[in-house]
>>> print(open('coords-v5.pdb').read())   # PDB, C-alpha atoms
MODEL        1
ATOM      1  CA  GLN A  10     -24.713 -23.769  87.592
ATOM      2  CA  VAL A  11     -26.309 -22.962  90.905
ATOM      3  CA  GLN A  12     -26.447 -25.569  93.641
ATOM      4  CA  LEU A  13     -29.478 -25.450  95.895
ATOM      5  CA  ILE A  14     -29.500 -26.952  99.368
ATOM      6  CA  GLU A  15     -32.749 -27.412 101.250
ATOM      7  CA  SER A  16     -32.891 -27.550 105.037
ATOM      8  CA  GLY A  17     -35.307 -27.170 107.914
ATOM      9  CA  GLY A  18     -37.418 -30.272 107.478
ATOM     10  CA  GLY A  19     -38.463 -32.506 110.325
ATOM     11  CA  LEU A  20     -41.249 -34.266 112.170
ATOM     12  CA  VAL A  21     -44.091 -32.147 113.498
ATOM     13  CA  GLN A  22     -47.586 -32.741 114.806
ATOM     14  CA  ALA A  23     -50.596 -31.640 112.849
ATOM     15  CA  GLY A  24     -51.189 -27.937 113.402
ATOM     16  CA  GLY A  25     -47.507 -27.250 113.918
ATOM     17  CA  SER A  26     -45.078 -25.141 111.918
ATOM     18  CA  LEU A  27     -41.799 -25.532 110.090
ATOM     19  CA  ARG A  28     -39.619 -23.156 108.126
ATOM     20  CA  LEU A  29     -37.710 -24.497 105.161
ATOM     21  CA  SER A  30     -34.634 -22.770 103.760
ATOM     22  CA  CYS A  31     -33.113 -23.034 100.310
ATOM     23  CA  ALA A  32     -29.560 -21.748 100.061
ATOM     24  CA  GLY A  33     -27.981 -21.159  96.701
ATOM     25  CA  SER A  34     -24.264 -21.488  96.025
ATOM     26  CA  GLY A  35     -22.088 -21.205  92.957
ATOM     27  CA  ARG A  36     -24.273 -18.564  91.382
ATOM     28  CA  THR A  37     -26.621 -15.870  92.547
ATOM     29  CA  ILE A  38     -30.314 -16.718  92.539
ATOM     30  CA  SER A  39     -31.360 -13.109  93.059
ATOM     31  CA  ARG A  40     -32.328 -12.611  89.416
ATOM     32  CA  TYR A  41     -34.490 -15.727  89.195
ATOM     33  CA  ALA A  42     -37.988 -16.637  90.219
ATOM     34  CA  MET A  43     -37.769 -19.443  92.770
ATOM     35  CA  GLY A  44     -40.174 -22.184  93.671
ATOM     36  CA  TRP A  45     -40.884 -24.858  96.215
ATOM     37  CA  PHE A  46     -42.081 -28.275  95.151
ATOM     38  CA  ARG A  47     -42.912 -31.504  96.960
ATOM     39  CA  GLN A  48     -43.172 -35.197  96.365
ATOM     40  CA  ALA A  49     -45.297 -37.324  98.646
ATOM     41  CA  PRO A  50     -44.732 -41.081  98.975
ATOM     42  CA  GLY A  51     -45.967 -42.883  95.881
ATOM     43  CA  LYS A  52     -46.869 -39.667  94.076
ATOM     44  CA  GLY A  53     -45.314 -37.435  91.471
ATOM     45  CA  ARG A  54     -43.598 -34.157  92.214
ATOM     46  CA  GLU A  55     -45.929 -31.173  92.432
ATOM     47  CA  PHE A  56     -45.574 -27.424  92.446
ATOM     48  CA  VAL A  57     -46.297 -25.782  95.828
ATOM     49  CA  ALA A  58     -45.339 -22.101  95.672
ATOM     50  CA  ALA A  59     -43.249 -19.621  93.725
ATOM     51  CA  ILE A  60     -41.881 -16.130  94.235
ATOM     52  CA  GLY A  61     -40.858 -13.685  91.557
ATOM     53  CA  TRP A  62     -37.247 -12.632  91.114
ATOM     54  CA  ASP A  63     -37.797  -9.363  92.997
ATOM     55  CA  GLY A  64     -40.065 -10.799  95.665
ATOM     56  CA  ARG A  65     -43.083  -8.790  94.530
ATOM     57  CA  THR A  66     -45.144 -11.673  93.185
ATOM     58  CA  ALA A  67     -46.062 -14.973  94.781
ATOM     59  CA  TYR A  68     -48.196 -17.905  93.750
ATOM     60  CA  TYR A  69     -49.516 -20.838  95.785
ATOM     61  CA  ILE A  70     -51.502 -23.946  95.096
ATOM     62  CA  ASP A  71     -54.952 -23.830  96.642
ATOM     63  CA  SER A  72     -54.236 -26.455  99.287
ATOM     64  CA  VAL A  73     -51.542 -24.336 100.971
ATOM     65  CA  LYS A  74     -52.966 -20.842 100.527
ATOM     66  CA  GLY A  75     -53.269 -19.065 103.848
ATOM     67  CA  ARG A  76     -50.962 -21.595 105.537
ATOM     68  CA  PHE A  77     -47.657 -21.350 103.630
ATOM     69  CA  THR A  78     -45.644 -18.235 102.874
ATOM     70  CA  ILE A  79     -42.752 -18.068 100.444
ATOM     71  CA  SER A  80     -40.143 -15.338 100.856
ATOM     72  CA  ARG A  81     -36.614 -14.558  99.777
ATOM     73  CA  ASP A  82     -33.497 -12.812 101.007
ATOM     74  CA  ASN A  83     -31.532 -11.959  97.893
ATOM     75  CA  ALA A  84     -28.664 -10.521  99.884
ATOM     76  CA  ASN A  85     -28.115 -13.965 101.403
ATOM     77  CA  ASN A  86     -29.018 -15.940  98.287
ATOM     78  CA  THR A  87     -31.741 -17.777 100.203
ATOM     79  CA  VAL A  88     -35.415 -18.585  99.747
ATOM     80  CA  TYR A  89     -37.747 -19.656 102.550
ATOM     81  CA  LEU A  90     -41.017 -21.496 102.941
ATOM     82  CA  GLN A  91     -42.848 -20.829 106.194
ATOM     83  CA  MET A  92     -45.363 -23.605 106.759
ATOM     84  CA  ASN A  93     -48.055 -23.147 109.396
ATOM     85  CA  ALA A  94     -51.099 -25.213 110.354
ATOM     86  CA  LEU A  95     -49.457 -28.275 108.874
ATOM     87  CA  LYS A  96     -51.609 -31.253 107.932
ATOM     88  CA  PRO A  97     -50.701 -34.926 107.496
ATOM     89  CA  GLU A  98     -51.284 -34.526 103.760
ATOM     90  CA  ASP A  99     -48.385 -32.038 103.673
ATOM     91  CA  THR A 100     -46.020 -34.929 104.379
ATOM     92  CA  ALA A 101     -43.517 -35.058 101.531
ATOM     93  CA  VAL A 102     -39.957 -34.351 100.483
ATOM     94  CA  TYR A 103     -39.755 -30.643  99.708
ATOM     95  CA  TYR A 104     -37.471 -29.273  97.008
ATOM     96  CA  CYS A 105     -36.596 -25.818  95.765
ATOM     97  CA  ASN A 106     -35.556 -24.856  92.284
ATOM     98  CA  ALA A 107     -34.942 -21.837  90.114
ATOM     99  CA  ASP A 108     -36.563 -20.592  86.955
ATOM    100  CA  ARG A 109     -34.416 -21.213  83.893
ATOM    101  CA  HIS A 110     -34.576 -17.619  82.733
ATOM    102  CA  PRO A 111     -33.927 -14.450  84.761
ATOM    103  CA  TYR A 112     -36.366 -11.782  85.823
ATOM    104  CA  GLY A 113     -39.401 -14.041  85.860
ATOM    105  CA  LEU A 114     -42.624 -13.668  87.837
ATOM    106  CA  ALA A 115     -44.128 -16.192  90.218
ATOM    107  CA  HIS A 116     -46.962 -17.335  87.972
ATOM    108  CA  GLY A 117     -44.487 -17.801  85.126
ATOM    109  CA  LEU A 118     -42.545 -20.384  87.101
ATOM    110  CA  MET A 119     -45.819 -22.049  88.038
ATOM    111  CA  ARG A 120     -46.419 -22.658  84.307
ATOM    112  CA  THR A 121     -42.891 -23.742  83.374
ATOM    113  CA  TRP A 122     -41.579 -25.531  86.459
ATOM    114  CA  ARG A 123     -41.332 -28.897  84.748
ATOM    115  CA  THR A 124     -38.442 -27.521  82.676
ATOM    116  CA  VAL A 125     -36.278 -26.415  85.595
ATOM    117  CA  GLY A 126     -32.807 -27.820  86.153
ATOM    118  CA  SER A 127     -31.614 -30.704  88.259
ATOM    119  CA  TRP A 128     -33.056 -31.361  91.701
ATOM    120  CA  GLY A 129     -31.264 -31.407  95.024
ATOM    121  CA  GLN A 130     -31.666 -33.774  97.944
ATOM    122  CA  GLY A 131     -34.747 -32.078  99.313
ATOM    123  CA  ALA A 132     -35.953 -31.767 102.888
ATOM    124  CA  GLN A 133     -38.222 -34.366 104.463
ATOM    125  CA  VAL A 134     -41.326 -32.992 106.148
ATOM    126  CA  THR A 135     -43.416 -35.443 108.136
ATOM    127  CA  VAL A 136     -46.661 -34.360 109.779
ATOM    128  CA  SER A 137     -48.193 -36.748 112.274
ATOM    129  CA  SER A 138     -51.901 -36.792 113.032
TER
ENDMDL
END
>>> encode(input="coords-v5.pdb", output="structure tokens")
Amino acid sequence: QVQLIESGGGLVQAGGSLRLSCAGSGRTISRYAMGWFRQAPGKGREFVAAIGWDGRTAYYIDSVKGRFTISRDNANNTVYLQMNALKPEDTAVYYCNADRHPYGLAHGLMRTWRTVGSWGQGAQVTVSS
């Protein structure tokens, strides 16, 4: 089973940027659609963005479109989330996870993300106003 480790979180002022990384170990993630998810204080976990297994498809929730960019480096078994123009409402713990089945597209993971495997520690992102 793949282990996913998120990093790159931190404290930033509104309007600032952060880049999150998700490194996979124990198994390649190159054949799987990957997603980023977040959980704000007192709220449930939500889907944020996904990228297809080959990097050709991407899907974002409306609130982050134009500000966040998901990408992947299959050679290094890593997925990224570039977050620009951050807002206080982006404050949350951010998690990554993999589609359960290989060769999936981004919108597929958007539909099925609640069935993904176990979650890692996540990366805390705090945006001050």
>>> residues_around(input="coords-v5.pdb", residues="Gly61 in chain A", least_positions_apart="6", cutoff="10 Å", atoms="all atoms listed in the file", output="PyMOL selection string")
chain A and resi 39-44+67-68+80-81+108+111-118
>>> resolve_selection(input="coords-v5.pdb", expression="the PyMOL selection byres ((chain A and resi 16) around 12)", output="PyMOL selection string")
chain A and resi 13-15+17-19+27-33+87-90+102-105+129-134
>>> atom_distance(input="coords-v5.pdb", atom1="CA of Asn106 in chain A", atom2="CA of Asn85 in chain A")
16.0 Å
>>> closest_residue(input="coords-v5.pdb", among="A:Thr100, A:Arg109, A:Thr135, A:Ile38", to="Asp63 in chain A", atoms="all atoms listed in the file")
A:Ile38
>>> atom_distance(input="coords-v5.pdb", atom1="CA of Val11 in chain A", atom2="CA of Phe56 in chain A")
19.8 Å
>>> closest_residue(input="coords-v5.pdb", among="A:Ala101, A:Leu20, A:Ala107, A:Ile70", to="Thr121 in chain A", atoms="all atoms listed in the file")
A:Ala107
>>> atom_distance(input="coords-v5.pdb", atom1="CA of Phe77 in chain A", atom2="CA of Val125 in chain A")
21.9 Å
>>> resolve_selection(input="coords-v5.pdb", expression="the PyMOL selection byres ((chain A and resi 95) around 10)", output="PyMOL selection string")
chain A and resi 21-27+73+76-77+92-94+96-100+134-138
>>> axis_aligned_box(input="coords-v5.pdb", around="range 86-94 of chain A", padding_each_side="6 Å", output="AutoDock Vina command-line options")
--center_x -40.1 --center_y -20.6 --center_z 104.3 --size_x 34.1 --size_y 21.3 --size_z 24.1
>>> closest_residue(input="coords-v5.pdb", among="A:Met119, A:Gly64, A:Val57, A:Phe46", to="Asn83 in chain A", atoms="only C-alpha atoms")
A:Gly64
>>> closest_residue(input="coords-v5.pdb", among="A:Ala84, A:Ala59, A:Thr66, A:Arg54", to="Thr37 in chain A", atoms="only C-alpha atoms")
A:Ala84
>>> closest_residue(input="coords-v5.pdb", among="A:Arg65, A:Gly35, A:His110, A:Gln12", to="Trp122 in chain A", atoms="all atoms listed in the file")
A:His110
>>> build_atoms(input="coords-v5.pdb", residues="range 61-72 of chain A", atoms="N, CA, C and O atoms", output="PDB file, keeping the file's coordinate frame")
ATOM      1  N   GLY A  61     -41.527 -14.335  92.655  1.00  0.00           N
ATOM      2  CA  GLY A  61     -40.858 -13.685  91.557  1.00  0.00           C
ATOM      3  C   GLY A  61     -39.451 -13.254  91.916  1.00  0.00           C
ATOM      4  O   GLY A  61     -39.064 -13.216  93.084  1.00  0.00           O
ATOM      5  N   TRP A  62     -38.665 -12.912  90.893  1.00  0.00           N
ATOM      6  CA  TRP A  62     -37.247 -12.632  91.114  1.00  0.00           C
ATOM      7  C   TRP A  62     -37.029 -11.478  92.098  1.00  0.00           C
ATOM      8  O   TRP A  62     -36.040 -11.479  92.842  1.00  0.00           O
ATOM      9  N   ASP A  63     -37.965 -10.510  92.118  1.00  0.00           N
ATOM     10  CA  ASP A  63     -37.797  -9.363  92.997  1.00  0.00           C
ATOM     11  C   ASP A  63     -38.634  -9.472  94.265  1.00  0.00           C
ATOM     12  O   ASP A  63     -38.713  -8.516  95.043  1.00  0.00           O
ATOM     13  N   GLY A  64     -39.283 -10.598  94.459  1.00  0.00           N
ATOM     14  CA  GLY A  64     -40.065 -10.799  95.665  1.00  0.00           C
ATOM     15  C   GLY A  64     -41.436 -10.161  95.653  1.00  0.00           C
ATOM     16  O   GLY A  64     -42.163 -10.243  96.646  1.00  0.00           O
ATOM     17  N   ARG A  65     -41.824  -9.539  94.552  1.00  0.00           N
ATOM     18  CA  ARG A  65     -43.083  -8.790  94.530  1.00  0.00           C
ATOM     19  C   ARG A  65     -44.283  -9.636  94.136  1.00  0.00           C
ATOM     20  O   ARG A  65     -45.428  -9.211  94.304  1.00  0.00           O
ATOM     21  N   THR A  66     -44.039 -10.794  93.575  1.00  0.00           N
ATOM     22  CA  THR A  66     -45.144 -11.673  93.185  1.00  0.00           C
ATOM     23  C   THR A  66     -44.958 -13.032  93.851  1.00  0.00           C
ATOM     24  O   THR A  66     -43.835 -13.483  94.068  1.00  0.00           O
ATOM     25  N   ALA A  67     -46.078 -13.643  94.177  1.00  0.00           N
ATOM     26  CA  ALA A  67     -46.062 -14.973  94.781  1.00  0.00           C
ATOM     27  C   ALA A  67     -47.264 -15.751  94.275  1.00  0.00           C
ATOM     28  O   ALA A  67     -48.294 -15.160  93.918  1.00  0.00           O
ATOM     29  N   TYR A  68     -47.110 -17.055  94.242  1.00  0.00           N
ATOM     30  CA  TYR A  68     -48.196 -17.905  93.750  1.00  0.00           C
ATOM     31  C   TYR A  68     -48.189 -19.186  94.568  1.00  0.00           C
ATOM     32  O   TYR A  68     -47.130 -19.733  94.857  1.00  0.00           O
ATOM     33  N   TYR A  69     -49.384 -19.643  94.954  1.00  0.00           N
ATOM     34  CA  TYR A  69     -49.516 -20.838  95.785  1.00  0.00           C
ATOM     35  C   TYR A  69     -50.577 -21.753  95.205  1.00  0.00           C
ATOM     36  O   TYR A  69     -51.564 -21.293  94.619  1.00  0.00           O
ATOM     37  N   ILE A  70     -50.406 -23.039  95.424  1.00  0.00           N
ATOM     38  CA  ILE A  70     -51.502 -23.946  95.096  1.00  0.00           C
ATOM     39  C   ILE A  70     -52.586 -23.773  96.150  1.00  0.00           C
ATOM     40  O   ILE A  70     -52.322 -23.341  97.279  1.00  0.00           O
ATOM     41  N   ASP A  71     -53.805 -24.098  95.780  1.00  0.00           N
ATOM     42  CA  ASP A  71     -54.952 -23.830  96.642  1.00  0.00           C
ATOM     43  C   ASP A  71     -54.819 -24.504  98.006  1.00  0.00           C
ATOM     44  O   ASP A  71     -55.213 -23.934  99.030  1.00  0.00           O
ATOM     45  N   SER A  72     -54.265 -25.693  98.039  1.00  0.00           N
ATOM     46  CA  SER A  72     -54.236 -26.455  99.287  1.00  0.00           C
ATOM     47  C   SER A  72     -53.319 -25.864 100.348  1.00  0.00           C
ATOM     48  O   SER A  72     -53.413 -26.237 101.524  1.00  0.00           O
TER      49      SER A  72
END
